[in-house]
file protein11.pdb (PDB, C-alpha atoms, pLDDT in the B column)
ATOM      1  CA  MET A  27      72.911  27.407  -1.353  1.00 55.00           C
ATOM      2  CA  LYS A  28      69.985  24.986  -1.426  1.00 48.00           C
ATOM      3  CA  ASP A  29      69.613  25.291   2.355  1.00 51.00           C
ATOM      4  CA  LYS A  30      69.473  29.089   2.085  1.00 50.00           C
ATOM      5  CA  VAL A  31      66.821  28.922  -0.631  1.00 45.00           C
ATOM      6  CA  LYS A  32      64.787  26.424   1.403  1.00 45.00           C
ATOM      7  CA  SER A  33      65.090  28.608   4.518  1.00 47.00           C
ATOM      8  CA  SER A  34      63.981  31.668   2.567  1.00 50.00           C
ATOM      9  CA  LYS A  35      60.918  29.831   1.268  1.00 45.00           C
ATOM     10  CA  VAL A  36      60.025  28.656   4.772  1.00 42.00           C
ATOM     11  CA  ASN A  37      60.359  32.190   6.139  1.00 53.00           C
ATOM     12  CA  ARG A  38      58.182  33.624   3.381  1.00 51.00           C
ATOM     13  CA  ALA A  39      55.559  30.937   3.977  1.00 44.00           C
ATOM     14  CA  TRP A  40      55.550  31.666   7.726  1.00 36.00           C
ATOM     15  CA  ILE A  41      55.215  35.412   7.148  1.00 45.00           C
ATOM     16  CA  ASN A  42      52.371  34.827   4.696  1.00 47.00           C
ATOM     17  CA  ASP A  43      50.559  32.529   7.157  1.00 51.00           C
ATOM     18  CA  HIS A  44      51.105  35.001   9.986  1.00 51.00           C
ATOM     19  CA  VAL A  45      49.846  38.039   8.091  1.00 58.00           C
ATOM     20  CA  ASN A  46      46.719  36.188   6.973  1.00 72.00           C
ATOM     21  CA  ASP A  47      46.078  34.519  10.333  1.00 87.00           C
ATOM     22  CA  PRO A  48      42.572  35.477  11.546  1.00 92.00           C
ATOM     23  CA  TYR A  49      43.750  35.541  15.168  1.00 94.00           C
ATOM     24  CA  VAL A  50      46.598  37.923  14.297  1.00 95.00           C
ATOM     25  CA  LYS A  51      44.067  40.227  12.639  1.00 94.00           C
ATOM     26  CA  LEU A  52      41.682  39.917  15.586  1.00 94.00           C
ATOM     27  CA  ALA A  53      44.479  40.664  18.068  1.00 94.00           C
ATOM     28  CA  LYS A  54      45.295  43.879  16.210  1.00 94.00           C
ATOM     29  CA  LEU A  55      41.617  44.833  16.121  1.00 93.00           C
ATOM     30  CA  GLU A  56      41.058  44.189  19.819  1.00 93.00           C
ATOM     31  CA  GLY A  57      44.339  45.620  21.031  1.00 93.00           C
ATOM     32  CA  TYR A  58      46.099  42.446  22.147  1.00 95.00           C
ATOM     33  CA  ARG A  59      49.860  42.240  21.783  1.00 95.00           C
ATOM     34  CA  ALA A  60      49.785  38.694  20.452  1.00 94.00           C
ATOM     35  CA  ARG A  61      47.365  36.107  19.105  1.00 94.00           C
ATOM     36  CA  ALA A  62      48.200  33.976  22.172  1.00 95.00           C
ATOM     37  CA  ALA A  63      45.528  35.905  24.076  1.00 96.00           C
ATOM     38  CA  TYR A  64      42.877  33.819  22.326  1.00 97.00           C
ATOM     39  CA  LYS A  65      44.406  30.573  23.549  1.00 96.00           C
ATOM     40  CA  LEU A  66      43.909  31.612  27.158  1.00 97.00           C
ATOM     41  CA  LYS A  67      40.519  33.143  26.314  1.00 96.00           C
ATOM     42  CA  GLU A  68      39.226  29.823  24.937  1.00 96.00           C
ATOM     43  CA  ILE A  69      40.555  27.860  27.917  1.00 97.00           C
ATOM     44  CA  ASP A  70      39.080  30.351  30.352  1.00 97.00           C
ATOM     45  CA  GLU A  71      35.688  30.545  28.672  1.00 96.00           C
ATOM     46  CA  SER A  72      35.369  26.774  28.515  1.00 96.00           C
ATOM     47  CA  LEU A  73      36.222  26.275  32.186  1.00 97.00           C
ATOM     48  CA  GLY A  74      35.320  29.598  33.850  1.00 96.00           C
ATOM     49  CA  LEU A  75      38.676  30.047  35.551  1.00 97.00           C
ATOM     50  CA  ILE A  76      39.389  33.768  35.814  1.00 96.00           C
ATOM     51  CA  LYS A  77      37.131  36.012  37.871  1.00 95.00           C
ATOM     52  CA  PRO A  78      37.309  39.524  39.359  1.00 94.00           C
ATOM     53  CA  GLY A  79      38.920  39.671  42.782  1.00 95.00           C
ATOM     54  CA  GLN A  80      41.432  36.881  42.157  1.00 97.00           C
ATOM     55  CA  LEU A  81      45.199  36.789  42.413  1.00 98.00           C
ATOM     56  CA  VAL A  82      46.586  35.540  39.102  1.00 98.00           C
ATOM     57  CA  VAL A  83      50.253  34.783  38.412  1.00 98.00           C
ATOM     58  CA  ASP A  84      51.342  34.903  34.761  1.00 98.00           C
ATOM     59  CA  LEU A  85      54.576  32.977  34.127  1.00 97.00           C
ATOM     60  CA  GLY A  86      56.384  33.562  30.849  1.00 96.00           C
ATOM     61  CA  SER A  87      54.273  36.659  30.325  1.00 97.00           C
ATOM     62  CA  THR A  88      56.111  38.605  27.604  1.00 97.00           C
ATOM     63  CA  PRO A  89      54.881  40.249  25.376  1.00 97.00           C
ATOM     64  CA  GLY A  90      51.893  40.519  27.730  1.00 97.00           C
ATOM     65  CA  ALA A  91      48.849  39.245  25.848  1.00 97.00           C
ATOM     66  CA  TRP A  92      47.822  36.833  28.622  1.00 97.00           C
ATOM     67  CA  SER A  93      48.213  39.580  31.245  1.00 97.00           C
ATOM     68  CA  GLN A  94      46.099  41.844  29.040  1.00 95.00           C
ATOM     69  CA  TYR A  95      43.368  39.220  28.838  1.00 96.00           C
ATOM     70  CA  VAL A  96      43.370  38.657  32.613  1.00 96.00           C
ATOM     71  CA  ARG A  97      43.395  42.432  33.173  1.00 95.00           C
ATOM     72  CA  ARG A  98      40.255  42.813  31.072  1.00 93.00           C
ATOM     73  CA  LYS A  99      38.479  40.030  32.954  1.00 93.00           C
ATOM     74  CA  MET A 100      39.246  41.831  36.209  1.00 92.00           C
ATOM     75  CA  SER A 101      38.140  45.266  35.076  1.00 85.00           C
ATOM     76  CA  PRO A 102      34.622  46.581  35.793  1.00 61.00           C
ATOM     77  CA  ARG A 103      34.282  47.478  32.140  1.00 62.00           C
ATOM     78  CA  THR A 104      36.272  47.160  28.943  1.00 53.00           C
ATOM     79  CA  ALA A 105      36.699  49.772  26.247  1.00 49.00           C
ATOM     80  CA  VAL A 106      34.375  49.441  23.262  1.00 48.00           C
ATOM     81  CA  GLY A 107      35.842  47.224  20.550  1.00 48.00           C
ATOM     82  CA  GLY A 108      38.284  45.486  22.848  1.00 50.00           C
ATOM     83  CA  GLY A 109      40.871  48.117  23.665  1.00 51.00           C
ATOM     84  CA  ALA A 110      42.633  48.392  26.980  1.00 53.00           C
ATOM     85  CA  ALA A 111      40.706  47.610  30.145  1.00 55.00           C
ATOM     86  CA  VAL A 112      39.596  50.735  31.926  1.00 58.00           C
ATOM     87  CA  GLY A 113      38.507  51.465  35.439  1.00 67.00           C
ATOM     88  CA  GLU A 114      39.813  50.145  38.729  1.00 83.00           C
ATOM     89  CA  LEU A 115      41.427  46.710  38.703  1.00 90.00           C
ATOM     90  CA  ASN A 116      39.430  44.275  40.828  1.00 93.00           C
ATOM     91  CA  GLY A 117      42.093  41.745  41.696  1.00 95.00           C
ATOM     92  CA  CYS A 118      45.864  41.327  41.469  1.00 97.00           C
ATOM     93  CA  ILE A 119      48.021  40.219  38.537  1.00 98.00           C
ATOM     94  CA  ILE A 120      51.722  39.436  38.886  1.00 98.00           C
ATOM     95  CA  ALA A 121      53.625  38.688  35.682  1.00 98.00           C
ATOM     96  CA  LEU A 122      57.139  37.312  35.285  1.00 98.00           C
ATOM     97  CA  ASP A 123      59.432  36.719  32.338  1.00 97.00           C
ATOM     98  CA  ILE A 124      63.100  36.462  31.455  1.00 95.00           C
ATOM     99  CA  LEU A 125      62.462  39.078  28.740  1.00 96.00           C
ATOM    100  CA  PRO A 126      61.327  42.678  29.309  1.00 97.00           C
ATOM    101  CA  MET A 127      57.614  43.422  28.954  1.00 98.00           C
ATOM    102  CA  GLU A 128      55.947  46.704  28.127  1.00 96.00           C
ATOM    103  CA  PRO A 129      53.782  47.756  31.089  1.00 95.00           C
ATOM    104  CA  VAL A 130      50.169  46.631  31.315  1.00 94.00           C
ATOM    105  CA  GLU A 131      48.172  48.976  33.524  1.00 91.00           C
ATOM    106  CA  GLY A 132      47.724  47.508  36.994  1.00 93.00           C
ATOM    107  CA  VAL A 133      49.961  44.484  36.340  1.00 96.00           C
ATOM    108  CA  VAL A 134      53.049  43.983  38.509  1.00 97.00           C
ATOM    109  CA  PHE A 135      55.905  42.771  36.302  1.00 98.00           C
ATOM    110  CA  LEU A 136      59.059  41.037  37.499  1.00 98.00           C
ATOM    111  CA  LEU A 137      62.037  40.561  35.191  1.00 98.00           C
ATOM    112  CA  GLY A 138      63.940  37.359  35.862  1.00 96.00           C
ATOM    113  CA  ASP A 139      64.507  33.678  35.162  1.00 93.00           C
ATOM    114  CA  PHE A 140      61.864  31.479  36.802  1.00 90.00           C
ATOM    115  CA  ARG A 141      64.450  28.710  37.150  1.00 88.00           C
ATOM    116  CA  GLU A 142      66.511  30.786  39.605  1.00 93.00           C
ATOM    117  CA  PRO A 143      65.624  30.463  43.337  1.00 92.00           C
ATOM    118  CA  GLU A 144      66.150  34.172  44.008  1.00 95.00           C
ATOM    119  CA  VAL A 145      63.659  35.076  41.269  1.00 95.00           C
ATOM    120  CA  LEU A 146      61.102  32.683  42.734  1.00 92.00           C
ATOM    121  CA  GLN A 147      61.653  34.327  46.107  1.00 94.00           C
ATOM    122  CA  ARG A 148      61.043  37.779  44.615  1.00 96.00           C
ATOM    123  CA  LEU A 149      57.792  36.473  43.163  1.00 96.00           C
ATOM    124  CA  ALA A 150      56.757  34.972  46.493  1.00 94.00           C
ATOM    125  CA  ASN A 151      57.593  38.263  48.236  1.00 96.00           C
ATOM    126  CA  GLU A 152      55.425  40.190  45.776  1.00 97.00           C
ATOM    127  CA  MET A 153      52.498  37.909  46.641  1.00 97.00           C
ATOM    128  CA  GLN A 154      52.772  39.165  50.242  1.00 95.00           C
ATOM    129  CA  GLY A 155      51.703  35.909  51.846  1.00 95.00           C
ATOM    130  CA  ARG A 156      48.643  35.478  49.613  1.00 97.00           C
ATOM    131  CA  GLN A 157      47.916  32.323  47.647  1.00 98.00           C
ATOM    132  CA  ALA A 158      47.186  32.485  43.924  1.00 98.00           C
ATOM    133  CA  ASP A 159      43.747  31.577  42.613  1.00 98.00           C
ATOM    134  CA  VAL A 160      45.092  30.879  39.132  1.00 98.00           C
ATOM    135  CA  VAL A 161      48.609  30.330  37.782  1.00 98.00           C
ATOM    136  CA  VAL A 162      49.035  30.512  34.007  1.00 98.00           C
ATOM    137  CA  SER A 163      52.255  29.465  32.327  1.00 97.00           C
ATOM    138  CA  ASP A 164      53.099  30.132  28.702  1.00 94.00           C
ATOM    139  CA  MET A 165      56.766  29.401  29.396  1.00 92.00           C
ATOM    140  CA  ALA A 166      58.673  27.517  26.725  1.00 84.00           C
ATOM    141  CA  PRO A 167      62.371  26.685  26.414  1.00 80.00           C
ATOM    142  CA  ASN A 168      64.515  27.391  23.395  1.00 77.00           C
ATOM    143  CA  LEU A 169      64.152  24.162  21.448  1.00 72.00           C
ATOM    144  CA  SER A 170      67.316  22.573  20.061  1.00 74.00           C
ATOM    145  CA  GLY A 171      65.705  20.008  17.769  1.00 74.00           C
ATOM    146  CA  ILE A 172      67.285  17.199  19.813  1.00 76.00           C
ATOM    147  CA  ALA A 173      64.318  15.267  21.204  1.00 72.00           C
ATOM    148  CA  SER A 174      65.869  14.153  24.483  1.00 76.00           C
ATOM    149  CA  THR A 175      67.316  17.592  25.259  1.00 79.00           C
ATOM    150  CA  ASP A 176      64.090  19.420  24.423  1.00 77.00           C
ATOM    151  CA  ALA A 177      62.000  16.970  26.444  1.00 77.00           C
ATOM    152  CA  ALA A 178      64.205  17.580  29.487  1.00 85.00           C
ATOM    153  CA  ARG A 179      63.953  21.373  29.121  1.00 87.00           C
ATOM    154  CA  ILE A 180      60.163  21.278  28.733  1.00 86.00           C
ATOM    155  CA  GLU A 181      59.773  18.885  31.660  1.00 89.00           C
ATOM    156  CA  ASN A 182      61.943  21.100  33.880  1.00 91.00           C
ATOM    157  CA  LEU A 183      59.870  24.236  33.251  1.00 92.00           C
ATOM    158  CA  VAL A 184      56.554  22.461  33.808  1.00 94.00           C
ATOM    159  CA  GLU A 185      57.847  20.777  36.956  1.00 94.00           C
ATOM    160  CA  LEU A 186      58.855  24.188  38.303  1.00 93.00           C
ATOM    161  CA  ALA A 187      55.374  25.531  37.551  1.00 95.00           C
ATOM    162  CA  LEU A 188      53.870  22.513  39.334  1.00 96.00           C
ATOM    163  CA  GLU A 189      56.078  23.025  42.369  1.00 95.00           C
ATOM    164  CA  PHE A 190      55.182  26.712  42.454  1.00 96.00           C
ATOM    165  CA  ALA A 191      51.454  25.905  42.283  1.00 97.00           C
ATOM    166  CA  GLN A 192      51.734  23.364  45.092  1.00 96.00           C
ATOM    167  CA  THR A 193      53.440  25.924  47.318  1.00 95.00           C
ATOM    168  CA  HIS A 194      51.820  29.218  46.339  1.00 97.00           C
ATOM    169  CA  MET A 195      48.337  28.377  45.055  1.00 98.00           C
ATOM    170  CA  LYS A 196      45.036  27.891  46.862  1.00 98.00           C
ATOM    171  CA  ALA A 197      43.834  24.320  47.343  1.00 97.00           C
ATOM    172  CA  ARG A 198      41.011  24.890  44.852  1.00 97.00           C
ATOM    173  CA  GLY A 199      43.202  26.872  42.484  1.00 98.00           C
ATOM    174  CA  THR A 200      44.017  26.161  38.842  1.00 98.00           C
ATOM    175  CA  LEU A 201      47.263  25.807  36.904  1.00 98.00           C
ATOM    176  CA  VAL A 202      47.282  26.269  33.126  1.00 98.00           C
ATOM    177  CA  ALA A 203      50.588  25.224  31.551  1.00 97.00           C
ATOM    178  CA  LYS A 204      51.820  25.034  27.988  1.00 94.00           C
ATOM    179  CA  VAL A 205      53.388  21.699  27.069  1.00 93.00           C
ATOM    180  CA  PHE A 206      54.486  20.060  23.829  1.00 89.00           C
ATOM    181  CA  HIS A 207      53.707  16.656  22.408  1.00 87.00           C
ATOM    182  CA  GLY A 208      56.889  14.642  22.458  1.00 83.00           C
ATOM    183  CA  ASP A 209      58.987  12.462  24.709  1.00 83.00           C
ATOM    184  CA  ALA A 210      58.006  14.309  27.909  1.00 87.00           C
ATOM    185  CA  TYR A 211      54.285  14.713  27.222  1.00 91.00           C
ATOM    186  CA  GLU A 212      52.769  11.601  28.828  1.00 93.00           C
ATOM    187  CA  LEU A 213      55.078  11.922  31.805  1.00 93.00           C
ATOM    188  CA  LEU A 214      53.839  15.479  32.374  1.00 95.00           C
ATOM    189  CA  VAL A 215      50.206  14.366  32.093  1.00 96.00           C
ATOM    190  CA  LYS A 216      50.959  11.730  34.735  1.00 96.00           C
ATOM    191  CA  ARG A 217      52.537  14.372  36.991  1.00 96.00           C
ATOM    192  CA  PHE A 218      49.484  16.599  36.655  1.00 97.00           C
ATOM    193  CA  ARG A 219      47.236  13.678  37.608  1.00 97.00           C
ATOM    194  CA  GLU A 220      49.383  13.053  40.683  1.00 97.00           C
ATOM    195  CA  VAL A 221      49.004  16.671  41.781  1.00 97.00           C
ATOM    196  CA  PHE A 222      45.466  17.694  40.754  1.00 98.00           C
ATOM    197  CA  VAL A 223      41.964  16.332  41.308  1.00 98.00           C
ATOM    198  CA  THR A 224      40.915  17.218  37.743  1.00 98.00           C
ATOM    199  CA  VAL A 225      43.188  17.360  34.698  1.00 98.00           C
ATOM    200  CA  LYS A 226      42.154  18.511  31.244  1.00 98.00           C
ATOM    201  CA  ARG A 227      44.090  18.549  27.986  1.00 97.00           C
ATOM    202  CA  ILE A 228      43.129  21.423  25.699  1.00 96.00           C
ATOM    203  CA  LYS A 229      44.329  22.331  22.208  1.00 95.00           C
ATOM    204  CA  PRO A 230      42.782  25.784  21.607  1.00 94.00           C
ATOM    205  CA  LYS A 231      41.630  26.711  18.125  1.00 94.00           C
ATOM    206  CA  ALA A 232      44.052  29.632  18.226  1.00 92.00           C
ATOM    207  CA  SER A 233      46.954  27.188  18.561  1.00 89.00           C
ATOM    208  CA  ARG A 234      48.259  26.564  15.056  1.00 83.00           C
ATOM    209  CA  ASP A 235      47.604  23.107  13.628  1.00 79.00           C
ATOM    210  CA  LYS A 236      51.294  22.702  12.770  1.00 81.00           C
ATOM    211  CA  SER A 237      52.319  23.410  16.355  1.00 83.00           C
ATOM    212  CA  SER A 238      52.886  20.535  18.784  1.00 86.00           C
ATOM    213  CA  GLU A 239      51.864  22.735  21.696  1.00 91.00           C
ATOM    214  CA  THR A 240      48.879  21.937  23.857  1.00 93.00           C
ATOM    215  CA  PHE A 241      47.816  22.994  27.347  1.00 96.00           C
ATOM    216  CA  LEU A 242      47.368  21.031  30.520  1.00 97.00           C
ATOM    217  CA  VAL A 243      44.888  22.396  33.045  1.00 98.00           C
ATOM    218  CA  GLY A 244      45.056  21.168  36.621  1.00 98.00           C
ATOM    219  CA  ILE A 245      42.120  22.041  38.875  1.00 98.00           C
ATOM    220  CA  SER A 246      42.117  21.668  42.700  1.00 98.00           C
ATOM    221  CA  LEU A 247      45.221  20.361  44.400  1.00 98.00           C
ATOM    222  CA  LYS A 248      45.069  16.891  45.894  1.00 96.00           C
ATOM    223  CA  ALA A 249      45.540  16.700  49.632  1.00 90.00           C
ATOM    224  CA  ALA A 250      49.171  16.107  50.591  1.00 73.00           C
TER     225      ALA A 250
END
call {"tool": "encode", "arguments": {"input": "protein11.pdb", "output": "structure tokens"}}
result
Amino acid sequence: MKDKVKSSKVNRAWINDHVNDPYVKLAKLEGYRARAAYKLKEIDESLGLIKPGQLVVDLGSTPGAWSQYVRRKMSPRTAVGGGAAVGELNGCIIALDILPMEPVEGVVFLLGDFREPEVLQRLANEMQGRQADVVVSDMAPNLSGIASTDAARIENLVELALEFAQTHMKARGTLVAKVFHGDAYELLVKRFREVFVTVKRIKPKASRDKSSETFLVGISLKAA
């Protein structure tokens, strides 16, 4: 009974924090599907990553807030007050997730598990021989609470994103990947430094203080 009461209190506290979250309110105002859009927005604005004319691959895209943000950056103009991007899309966005995603105008969405070779092949086929300018990954595993298990799951997803970037991204491209502080964190930072010329660690303001998530940004692949 005590556990149920504690769980109920935690849920109520989370709901209260969520409803009063300024980024949740801003997302509703500006038409984004999730507050996560502002995490990518801060990273992009600080580093100038996403530009019209690019090919951007969005891994772990559902519910679509990151694809929405990229779509707006690639549109000639954006509706007043945020809204959906309007006008012709100047660039290409390919999104992928294991969960369904409501369509975002101009965004190609693939439903599938990034860990499966056939899904990776479908993604590569959709790129039609082109190399990505930017790969963004908001992928995260279902966490079990067991440190060693969670570290392995996180490491596996980030390693797959790294391998994808090395194979399907331009030499001067950029990978943005969500990671978590924990047993795998320093190892993943080391892997990024092995792969990229420049590596930055960013904890966006829109990322909740209580969350252990942060983002690693790798810029320009090192020569093989």
call {"tool": "closest_residue", "arguments": {"input": "protein11.pdb", "among": "A:Glu152, A:Asp235, A:Asp84, A:Glu142", "to": "Val202 of chain A", "atoms": "all atoms listed in the file"}}
result
A:Asp84
call {"tool": "resolve_selection", "arguments": {"input": "protein11.pdb", "expression": "the PyMOL selection byres ((chain A and resi 121) around 10)", "output": "JSON, numbers by chain"}}
result
{"A": [82, 83, 84, 85, 86, 87, 88, 90, 92, 93, 119, 120, 122, 123, 127, 130, 133, 134, 135, 136, 137, 149, 161, 162, 163]}
call {"tool": "closest_residue", "arguments": {"input": "protein11.pdb", "among": "A:Tyr95, A:Phe218, A:Phe241, A:Tyr49", "to": "Ile76 of chain A", "atoms": "all atoms listed in the file"}}
result
A:Tyr95
call {"tool": "residues_around", "arguments": {"input": "protein11.pdb", "residues": "Glu181 of chain A", "least_positions_apart": "3", "cutoff": "12 Å", "atoms": "all atoms listed in the file", "output": "compact mmCIF listing (two decimals) with C-alpha atoms, in the frame of the given file"}}
result
# COMPACT_ATOMS: atom_id res chain seq x y z
CA MET A 165 56.77 29.40 29.40
CA ALA A 166 58.67 27.52 26.72
CA PRO A 167 62.37 26.68 26.41
CA ALA A 173 64.32 15.27 21.20
CA SER A 174 65.87 14.15 24.48
CA THR A 175 67.32 17.59 25.26
CA ASP A 176 64.09 19.42 24.42
CA ALA A 177 62.00 16.97 26.44
CA ALA A 178 64.20 17.58 29.49
CA VAL A 184 56.55 22.46 33.81
CA GLU A 185 57.85 20.78 36.96
CA LEU A 186 58.86 24.19 38.30
CA ALA A 187 55.37 25.53 37.55
CA LEU A 188 53.87 22.51 39.33
CA ALA A 203 50.59 25.22 31.55
CA LYS A 204 51.82 25.03 27.99
CA VAL A 205 53.39 21.70 27.07
CA PHE A 206 54.49 20.06 23.83
CA HIS A 207 53.71 16.66 22.41
CA GLY A 208 56.89 14.64 22.46
CA ASP A 209 58.99 12.46 24.71
CA ALA A 210 58.01 14.31 27.91
CA TYR A 211 54.28 14.71 27.22
CA GLU A 212 52.77 11.60 28.83
CA LEU A 213 55.08 11.92 31.80
CA LEU A 214 53.84 15.48 32.37
CA VAL A 215 50.21 14.37 32.09
CA LYS A 216 50.96 11.73 34.74
CA ARG A 217 52.54 14.37 36.99
CA PHE A 218 49.48 16.60 36.66
call {"tool": "residues_around", "arguments": {"input": "protein11.pdb", "residues": "Met100 of chain A", "least_positions_apart": "5", "cutoff": "7 Å", "atoms": "only C-alpha atoms", "output": "PDB file with C-alpha atoms, in the coordinates of the input"}}
result
ATOM      1  CA  LYS A  77      37.131  36.012  37.871  1.00 95.00           C
ATOM      2  CA  PRO A  78      37.309  39.524  39.359  1.00 94.00           C
ATOM      3  CA  GLY A  79      38.920  39.671  42.782  1.00 95.00           C
ATOM      4  CA  LEU A 115      41.427  46.710  38.703  1.00 90.00           C
ATOM      5  CA  ASN A 116      39.430  44.275  40.828  1.00 93.00           C
ATOM      6  CA  GLY A 117      42.093  41.745  41.696  1.00 95.00           C
TER       7      GLY A 117
END
call {"tool": "closest_residue", "arguments": {"input": "protein11.pdb", "among": "A:Pro48, A:Ala53, A:Gln192, A:Tyr64", "to": "Ser233 of chain A", "atoms": "all atoms listed in the file"}}
result
A:Tyr64
call {"tool": "closest_residue", "arguments": {"input": "protein11.pdb", "among": "A:Ala249, A:Asp164, A:Glu131, A:Met195", "to": "Ala150 of chain A", "atoms": "only C-alpha atoms"}}
result
A:Met195
call {"tool": "atom_distance", "arguments": {"input": "protein11.pdb", "atom1": "atom CA of Arg227 of chain A", "atom2": "atom CA of Val243 of chain A"}}
result
6.4 Å
call {"tool": "build_atoms", "arguments": {"input": "protein11.pdb", "residues": "segment 174-189 of chain A", "atoms": "N, CA and C atoms", "output": "PDB file, keeping the file's coordinate frame"}}
result
ATOM      1  N   SER A 174      65.617  14.419  23.067  1.00 76.00           N
ATOM      2  CA  SER A 174      65.869  14.153  24.483  1.00 76.00           C
ATOM      3  C   SER A 174      66.185  15.434  25.249  1.00 76.00           C
ATOM      4  N   THR A 175      66.950  16.322  24.624  1.00 79.00           N
ATOM      5  CA  THR A 175      67.316  17.592  25.259  1.00 79.00           C
ATOM      6  C   THR A 175      66.095  18.478  25.429  1.00 79.00           C
ATOM      7  N   ASP A 176      65.285  18.584  24.374  1.00 77.00           N
ATOM      8  CA  ASP A 176      64.090  19.420  24.423  1.00 77.00           C
ATOM      9  C   ASP A 176      63.084  18.896  25.435  1.00 77.00           C
ATOM     10  N   ALA A 177      62.929  17.576  25.489  1.00 77.00           N
ATOM     11  CA  ALA A 177      62.000  16.970  26.444  1.00 77.00           C
ATOM     12  C   ALA A 177      62.410  17.320  27.874  1.00 77.00           C
ATOM     13  N   ALA A 178      63.707  17.273  28.142  1.00 85.00           N
ATOM     14  CA  ALA A 178      64.205  17.580  29.487  1.00 85.00           C
ATOM     15  C   ALA A 178      63.961  19.047  29.836  1.00 85.00           C
ATOM     16  N   ARG A 179      64.157  19.933  28.880  1.00 87.00           N
ATOM     17  CA  ARG A 179      63.953  21.373  29.121  1.00 87.00           C
ATOM     18  C   ARG A 179      62.478  21.675  29.380  1.00 87.00           C
ATOM     19  N   ILE A 180      61.606  21.080  28.569  1.00 86.00           N
ATOM     20  CA  ILE A 180      60.163  21.278  28.733  1.00 86.00           C
ATOM     21  C   ILE A 180      59.711  20.737  30.086  1.00 86.00           C
ATOM     22  N   GLU A 181      60.155  19.526  30.396  1.00 89.00           N
ATOM     23  CA  GLU A 181      59.773  18.885  31.660  1.00 89.00           C
ATOM     24  C   GLU A 181      60.212  19.733  32.845  1.00 89.00           C
ATOM     25  N   ASN A 182      61.420  20.295  32.775  1.00 91.00           N
ATOM     26  CA  ASN A 182      61.943  21.100  33.880  1.00 91.00           C
ATOM     27  C   ASN A 182      61.079  22.326  34.133  1.00 91.00           C
ATOM     28  N   LEU A 183      60.685  23.041  33.083  1.00 92.00           N
ATOM     29  CA  LEU A 183      59.870  24.236  33.251  1.00 92.00           C
ATOM     30  C   LEU A 183      58.487  23.905  33.826  1.00 92.00           C
ATOM     31  N   VAL A 184      57.887  22.834  33.322  1.00 94.00           N
ATOM     32  CA  VAL A 184      56.554  22.461  33.808  1.00 94.00           C
ATOM     33  C   VAL A 184      56.630  21.963  35.247  1.00 94.00           C
ATOM     34  N   GLU A 185      57.672  21.236  35.575  1.00 94.00           N
ATOM     35  CA  GLU A 185      57.847  20.777  36.956  1.00 94.00           C
ATOM     36  C   GLU A 185      57.991  21.961  37.908  1.00 94.00           C
ATOM     37  N   LEU A 186      58.715  22.994  37.468  1.00 93.00           N
ATOM     38  CA  LEU A 186      58.855  24.188  38.303  1.00 93.00           C
ATOM     39  C   LEU A 186      57.508  24.877  38.508  1.00 93.00           C
ATOM     40  N   ALA A 187      56.708  24.935  37.437  1.00 95.00           N
ATOM     41  CA  ALA A 187      55.374  25.531  37.551  1.00 95.00           C
ATOM     42  C   ALA A 187      54.505  24.710  38.498  1.00 95.00           C
ATOM     43  N   LEU A 188      54.620  23.389  38.423  1.00 96.00           N
ATOM     44  CA  LEU A 188      53.870  22.513  39.334  1.00 96.00           C
ATOM     45  C   LEU A 188      54.287  22.735  40.778  1.00 96.00           C
ATOM     46  N   GLU A 189      55.576  22.808  41.010  1.00 95.00           N
ATOM     47  CA  GLU A 189      56.078  23.025  42.369  1.00 95.00           C
ATOM     48  C   GLU A 189      55.608  24.376  42.910  1.00 95.00           C
TER      49      GLU A 189
END
